[in-house]
$ cat work_35.cif   # mmCIF, C-alpha atoms
data_my_file
loop_
_atom_site.label_atom_id
_atom_site.label_comp_id
_atom_site.auth_asym_id
_atom_site.auth_seq_id
_atom_site.Cartn_x
_atom_site.Cartn_y
_atom_site.Cartn_z
CA GLY A 21 -12.42 6.47 -15.10
CA LEU A 22 -11.59 7.33 -18.71
CA SER A 23 -12.94 10.79 -17.94
CA ALA A 24 -12.48 13.01 -14.90
CA GLY A 25 -14.45 13.31 -11.68
CA ASN A 26 -16.12 9.90 -11.55
CA SER A 27 -17.21 8.33 -8.25
CA LEU A 28 -18.38 4.92 -7.11
CA THR A 29 -19.86 4.16 -3.68
CA ILE A 30 -20.18 0.57 -2.48
CA ALA A 31 -22.40 0.63 0.60
CA ASN A 32 -25.27 -1.06 2.45
CA GLY A 33 -23.88 -4.55 1.94
CA ALA A 34 -23.37 -4.21 -1.81
CA VAL A 35 -20.87 -6.54 -3.48
CA VAL A 36 -18.91 -5.56 -6.61
CA THR A 37 -16.64 -8.02 -8.46
CA ASP A 38 -14.40 -7.31 -11.44
CA ARG A 39 -11.26 -8.64 -13.09
CA ASN A 40 -9.16 -5.45 -13.11
CA GLY A 41 -10.08 -2.32 -11.18
CA TYR A 42 -8.41 0.98 -12.10
CA LEU A 43 -9.12 4.39 -10.61
CA GLY A 44 -8.02 7.14 -12.95
CA TYR A 45 -7.23 5.14 -16.07
CA SER A 46 -6.84 8.39 -17.97
CA GLY A 47 -9.05 10.98 -16.22
CA ASN A 48 -8.22 12.85 -13.01
CA ASN A 49 -9.99 13.05 -9.63
CA ASN A 50 -11.82 9.74 -9.46
CA THR A 51 -13.00 8.27 -6.15
CA VAL A 52 -14.21 4.91 -4.85
CA LEU A 53 -15.73 4.65 -1.36
CA VAL A 54 -16.29 1.23 0.23
CA THR A 55 -18.25 1.60 3.46
CA GLY A 56 -20.37 -0.46 5.82
CA SER A 57 -20.42 -4.03 7.04
CA GLY A 58 -20.88 -6.53 4.20
CA SER A 59 -19.88 -4.02 1.52
CA VAL A 60 -17.17 -5.67 -0.56
CA TRP A 61 -15.13 -4.78 -3.64
CA THR A 62 -13.39 -7.86 -5.05
CA THR A 63 -10.90 -7.64 -7.91
CA THR A 64 -9.67 -10.97 -9.22
CA SER A 65 -6.52 -9.70 -10.98
CA GLN A 66 -5.17 -6.23 -10.17
CA LEU A 67 -6.40 -3.09 -8.43
CA GLY A 68 -4.71 0.20 -9.29
CA VAL A 69 -5.32 3.63 -7.76
CA GLY A 70 -3.98 6.38 -10.03
CA TYR A 71 -3.36 4.36 -13.18
CA SER A 72 -2.11 7.22 -15.34
CA SER A 73 -3.71 10.36 -13.89
CA SER A 74 -3.82 12.39 -10.68
CA GLY A 75 -6.16 13.08 -7.77
CA ASN A 76 -7.51 9.53 -7.51
CA GLN A 77 -8.67 8.12 -4.16
CA LEU A 78 -9.79 4.82 -2.67
CA VAL A 79 -11.42 5.12 0.76
CA VAL A 80 -12.29 2.03 2.83
CA THR A 81 -14.14 2.74 6.05
CA ASN A 82 -16.75 1.62 8.56
CA SER A 83 -16.12 -2.15 8.13
CA GLY A 84 -15.99 -2.04 4.33
CA THR A 85 -13.81 -4.64 2.63
CA VAL A 86 -11.52 -4.74 -0.41
CA VAL A 87 -10.15 -8.06 -1.69
CA ALA A 88 -7.56 -8.34 -4.46
CA PRO A 89 -4.39 -10.21 -5.38
CA SER A 90 -2.38 -6.99 -5.75
CA LEU A 91 -2.95 -3.31 -4.97
CA LEU A 92 -0.91 -0.57 -6.60
CA VAL A 93 -1.34 2.93 -5.19
CA GLY A 94 0.21 5.42 -7.58
CA PHE A 95 0.42 2.97 -10.50
CA ASN A 96 1.68 5.23 -13.25
CA GLY A 97 0.04 8.38 -11.92
CA GLN A 98 -1.03 9.74 -8.53
CA GLY A 99 -3.23 7.86 -6.09
CA THR A 100 -4.21 7.84 -2.43
CA LEU A 101 -5.56 5.04 -0.26
CA THR A 102 -7.25 5.81 3.07
CA LEU A 103 -8.16 2.93 5.37
CA ASN A 104 -10.28 3.89 8.36
CA GLY A 105 -12.04 1.00 10.06
CA GLY A 106 -12.24 -1.50 7.21
CA THR A 107 -10.27 -4.43 5.84
CA ILE A 108 -8.00 -4.78 2.82
CA SER A 109 -7.02 -8.35 2.05
CA LEU A 110 -4.31 -8.99 -0.56
CA SER A 111 -3.13 -12.42 -1.64
CA ASP A 112 -0.11 -11.13 -3.59
CA PHE A 113 1.46 -7.72 -2.92
CA LEU A 114 1.08 -4.01 -2.16
CA SER A 115 3.07 -1.46 -4.16
CA VAL A 116 3.03 2.27 -3.39
CA GLY A 117 4.59 4.50 -6.07
CA ARG A 118 4.99 1.73 -8.65
CA TYR A 119 6.55 3.27 -11.75
CA ALA A 120 8.98 6.15 -12.16
CA GLY A 121 7.06 9.43 -12.10
CA SER A 122 4.22 8.01 -10.03
CA THR A 123 3.24 9.15 -6.54
CA GLY A 124 1.33 7.00 -4.07
CA ALA A 125 0.17 7.66 -0.51
CA VAL A 126 -1.41 5.27 2.00
CA TRP A 127 -3.02 6.51 5.21
CA ILE A 128 -4.10 3.93 7.77
CA THR A 129 -6.11 5.38 10.63
CA GLY A 130 -7.94 2.20 11.59
CA GLY A 131 -8.80 -1.27 10.34
CA THR A 132 -6.55 -3.96 8.92
CA ILE A 133 -4.48 -4.42 5.80
CA GLU A 134 -2.99 -7.85 5.25
CA CYS A 135 -0.72 -9.31 2.56
CA SER A 136 -0.79 -13.08 2.82
CA SER A 137 1.80 -13.95 0.16
CA THR A 138 5.12 -15.24 1.49
CA ASN A 139 6.86 -14.62 -1.86
CA ASN A 140 6.18 -11.04 -2.94
CA GLU A 141 7.38 -8.00 -1.05
CA THR A 142 5.44 -4.92 -0.05
CA ARG A 143 7.27 -2.00 -1.65
CA VAL A 144 6.79 1.61 -0.63
CA GLY A 145 8.56 3.69 -3.26
CA ARG A 146 9.05 0.92 -5.83
CA ASP A 147 10.24 2.98 -8.81
CA GLY A 148 8.38 6.20 -7.96
CA VAL A 149 7.55 8.12 -4.79
CA GLY A 150 5.66 6.20 -2.12
CA GLN A 151 4.53 7.12 1.36
CA MET A 152 2.73 4.99 3.95
CA THR A 153 1.61 6.27 7.36
CA VAL A 154 0.07 4.11 10.08
CA SER A 155 -1.53 5.99 12.97
CA ASN A 156 -3.92 3.26 14.13
CA GLY A 157 -5.02 -0.19 13.03
CA THR A 158 -2.99 -3.19 11.91
CA VAL A 159 -0.66 -3.94 9.01
CA SER A 160 0.24 -7.62 8.65
CA LEU A 161 2.82 -8.67 6.05
CA ASN A 162 3.95 -12.25 5.37
CA ALA A 163 6.86 -11.21 3.14
CA SER A 164 9.49 -8.49 3.27
CA LEU A 165 8.79 -4.77 3.51
CA VAL A 166 10.99 -2.61 1.28
CA VAL A 167 11.06 1.16 1.68
CA GLY A 168 12.80 2.74 -1.32
CA TYR A 169 13.42 -0.03 -3.85
CA SER A 170 15.08 0.99 -7.11
CA ALA A 171 17.36 3.76 -8.35
CA GLY A 172 15.52 7.09 -8.24
CA ALA A 173 12.77 5.80 -5.97
CA LEU A 174 11.83 7.52 -2.71
CA GLY A 175 9.98 5.62 0.01
CA THR A 176 8.76 6.84 3.40
CA PHE A 177 7.14 4.61 6.01
CA THR A 178 5.91 6.21 9.24
CA ILE A 179 4.42 4.44 12.26
CA ALA A 180 2.70 6.84 14.65
CA GLY A 181 0.39 4.27 16.24
CA GLY A 182 -1.18 0.90 15.63
CA HIS A 183 0.70 -2.30 14.91
CA VAL A 184 2.89 -3.32 11.97
CA SER A 185 4.15 -6.90 11.78
CA VAL A 186 6.51 -8.40 9.21
CA ILE A 187 6.60 -12.18 9.63
CA PRO A 188 9.05 -13.85 9.09
CA SER A 189 10.94 -11.66 6.63
CA ASN A 190 13.13 -8.56 6.46
CA ILE A 191 12.53 -4.84 6.47
CA VAL A 192 14.91 -3.18 4.01
CA VAL A 193 15.26 0.60 3.89
CA GLY A 194 17.11 1.70 0.74
CA TYR A 195 17.31 -1.50 -1.30
CA PHE A 196 19.21 -0.92 -4.55
CA ALA A 197 21.85 1.72 -5.28
CA GLY A 198 20.22 5.08 -5.96
CA ALA A 199 17.11 4.32 -3.90
CA THR A 200 16.21 6.40 -0.84
CA GLY A 201 14.17 5.14 2.07
CA PHE A 202 13.05 6.52 5.43
CA LEU A 203 11.53 4.49 8.25
CA THR A 204 10.25 6.37 11.30
CA VAL A 205 8.65 4.94 14.43
CA GLY A 206 7.09 7.54 16.72
CA GLY A 207 4.45 5.38 18.34
CA GLY A 208 2.65 2.09 18.08
CA ASN A 209 4.49 -1.16 17.55
CA LEU A 210 6.76 -2.58 14.84
CA SER A 211 7.50 -6.28 15.11
CA LEU A 212 9.81 -8.64 13.26
CA SER A 213 9.73 -12.31 14.07
CA GLY A 214 11.41 -15.49 12.95
CA ASN A 215 14.69 -14.82 11.16
CA GLY A 216 13.69 -11.34 10.01
CA ASN A 217 16.17 -8.45 10.08
CA LEU A 218 16.01 -4.67 9.83
CA ILE A 219 18.46 -3.65 7.11
CA VAL A 220 19.09 0.08 6.70
CA GLY A 221 20.96 1.06 3.54
CA GLN A 222 21.39 -2.33 1.87
CA ALA A 223 22.80 -0.71 -1.27
CA GLY A 224 20.82 2.52 -1.40
CA MET A 225 20.46 5.35 1.12
CA GLY A 226 18.41 4.39 4.17
CA ALA A 227 17.53 6.11 7.43
CA TYR A 228 15.79 4.74 10.53
CA GLN A 229 14.58 6.91 13.41
CA GLN A 230 12.68 5.87 16.52
CA SER A 231 11.37 8.45 18.96
CA GLY A 232 8.62 6.37 20.58
CA GLY A 233 6.66 3.17 20.28
CA SER A 234 8.30 -0.22 20.30
#

$ encode --input "work_35.cif" --output "structure tokens"
Amino acid sequence: GLSAGNSLTIANGAVVTDRNGYLGYSGNNNTVLVTGSGSVWTTTSQLGVGYSSSGNQLVVTNSGTVVAPSLLVGFNGQGTLTLNGGTISLSDFLSVGRYAGSTGAVWITGGTIECSSTNNETRVGRDGVGQMTVSNGTVSLNASLVVGYSAGALGTFTIAGGHVSVIPSNIVVGYFAGATGFLTVGGGNLSLSGNGNLIVGQAGMGAYQQSGGS
């Protein structure tokens, strides 16, 4: 939205395809809802939630589907993604809190988010502030997960339920000097396979806490 308060609903099996999809290009409080079986939003280049404004939301629910190479939540502004019973399929990467000054939040309460690329990391708190919470559903990553990437970034990843798998790469909490990352497991399941490692405080400040789950 170039202006504020715009909304788009993709429902009843509707299919929308675009090259670049941006929520909140310059205006605040824009929302996209993808809901219902057969309802699909496909972006062939890049999907950004909170491009340069605040209060922007993408909600995927009730078997709705989003397909894109990359998804940036909190691109250069503030954005929120809620996944509740749908599917998000990414062929490249997921970035939450992309640029300095941005804020991104991802809430997964059901459904599946998958990143199929084996080359590009999922970064929560890339240069900005990023938060990802999984309370149900599945997160499947084929490349590394980084929580708190660059100097000044803050990343928080919380698993309260559901299943998170990182195959066959690393989880790094606090990547570069000056980055801060927190990984908390209170329920559900976190799995690393292959030669993957959990690295806490690679060069930045990292913290890992487990009070439940596996």

$ closest_residue --input "work_35.cif" --among "A:Val36, A:Leu210, A:Leu203, A:Leu67" --to "Val159 (chain A)" --atoms "only C-alpha atoms"
A:Leu210

$ residues_around --input "work_35.cif" --residues "Val52 (chain A)" --least-positions-apart "5" --cutoff "8 Å" --atoms "only C-alpha atoms" --output "CSV table (one decimal) with C-alpha atoms, in the coordinates of the input"
chain,number,residue,atom,x,y,z
A,27,SER,CA,-17.2,8.3,-8.2
A,28,LEU,CA,-18.4,4.9,-7.1
A,29,THR,CA,-19.9,4.2,-3.7
A,30,ILE,CA,-20.2,0.6,-2.5
A,43,LEU,CA,-9.1,4.4,-10.6
A,77,GLN,CA,-8.7,8.1,-4.2
A,78,LEU,CA,-9.8,4.8,-2.7
A,79,VAL,CA,-11.4,5.1,0.8

$ resolve_selection --input "work_35.cif" --expression "the PyMOL selection byres ((chain A and resi 75) around 6)" --output "PDB file with C-alpha atoms, keeping the file's coordinate frame"
ATOM      1  CA  ASN A  48      -8.220  12.850 -13.010  1.00  0.00           C
ATOM      2  CA  ASN A  49      -9.990  13.050  -9.630  1.00  0.00           C
ATOM      3  CA  SER A  74      -3.820  12.390 -10.680  1.00  0.00           C
ATOM      4  CA  ASN A  76      -7.510   9.530  -7.510  1.00  0.00           C
TER       5      ASN A  76
END

$ atom_distance --input "work_35.cif" --atom1 "CA of Gln229 (chain A)" --atom2 "CA of Ile133 (chain A)"
23.4 Å

$ resolve_selection --input "work_35.cif" --expression "the PyMOL selection byres ((chain A and resi 87) around 12)" --output "count of residues only"
39

$ resolve_selection --input "work_35.cif" --expression "the PyMOL selection byres ((chain A and resi 71) around 6)" --output "PyMOL selection string"
chain A and resi 44-45+68-70+72+95-97

$ residues_near_point --input "work_35.cif" --point "(8.7, 4.8, -5.2)" --cutoff "8 Å" --atoms "all atoms listed in the file" --output "number ranges by chain"
A: 116-120, 122-124, 143-150, 168-170, 172-175

$ write_last_selection --input "work_35.cif" --atoms "C-alpha atoms" --output "PDB file, in the frame of the given file"
ATOM      1  CA  VAL A 116       3.030   2.270  -3.390  1.00  0.00           C
ATOM      2  CA  GLY A 117       4.590   4.500  -6.070  1.00  0.00           C
ATOM      3  CA  ARG A 118       4.990   1.730  -8.650  1.00  0.00           C
ATOM      4  CA  TYR A 119       6.550   3.270 -11.750  1.00  0.00           C
ATOM      5  CA  ALA A 120       8.980   6.150 -12.160  1.00  0.00           C
ATOM      6  CA  SER A 122       4.220   8.010 -10.030  1.00  0.00           C
ATOM      7  CA  THR A 123       3.240   9.150  -6.540  1.00  0.00           C
ATOM      8  CA  GLY A 124       1.330   7.000  -4.070  1.00  0.00           C
ATOM      9  CA  ARG A 143       7.270  -2.000  -1.650  1.00  0.00           C
ATOM     10  CA  VAL A 144       6.790   1.610  -0.630  1.00  0.00           C
ATOM     11  CA  GLY A 145       8.560   3.690  -3.260  1.00  0.00           C
ATOM     12  CA  ARG A 146       9.050   0.920  -5.830  1.00  0.00           C
ATOM     13  CA  ASP A 147      10.240   2.980  -8.810  1.00  0.00           C
ATOM     14  CA  GLY A 148       8.380   6.200  -7.960  1.00  0.00           C
ATOM     15  CA  VAL A 149       7.550   8.120  -4.790  1.00  0.00           C
ATOM     16  CA  GLY A 150       5.660   6.200  -2.120  1.00  0.00           C
ATOM     17  CA  GLY A 168      12.800   2.740  -1.320  1.00  0.00           C
ATOM     18  CA  TYR A 169      13.420  -0.030  -3.850  1.00  0.00           C
ATOM     19  CA  SER A 170      15.080   0.990  -7.110  1.00  0.00           C
ATOM     20  CA  GLY A 172      15.520   7.090  -8.240  1.00  0.00           C
ATOM     21  CA  ALA A 173      12.770   5.800  -5.970  1.00  0.00           C
ATOM     22  CA  LEU A 174      11.830   7.520  -2.710  1.00  0.00           C
ATOM     23  CA  GLY A 175       9.980   5.620   0.010  1.00  0.00           C
TER      24      GLY A 175
END

$ axis_aligned_box --input "work_35.cif" --around "region 108-120 of chain A" --padding-each-side "5 Å" --output "AutoDock Vina command-line options"
--center_x 0.5 --center_y -3.1 --center_z -4.7 --size_x 27.0 --size_y 28.6 --size_z 25.0

$ closest_residue --input "work_35.cif" --among "A:Ser234, A:Ser57, A:Asn162, A:Thr176" --to "Ser213 (chain A)" --atoms "all atoms listed in the file"
A:Asn162
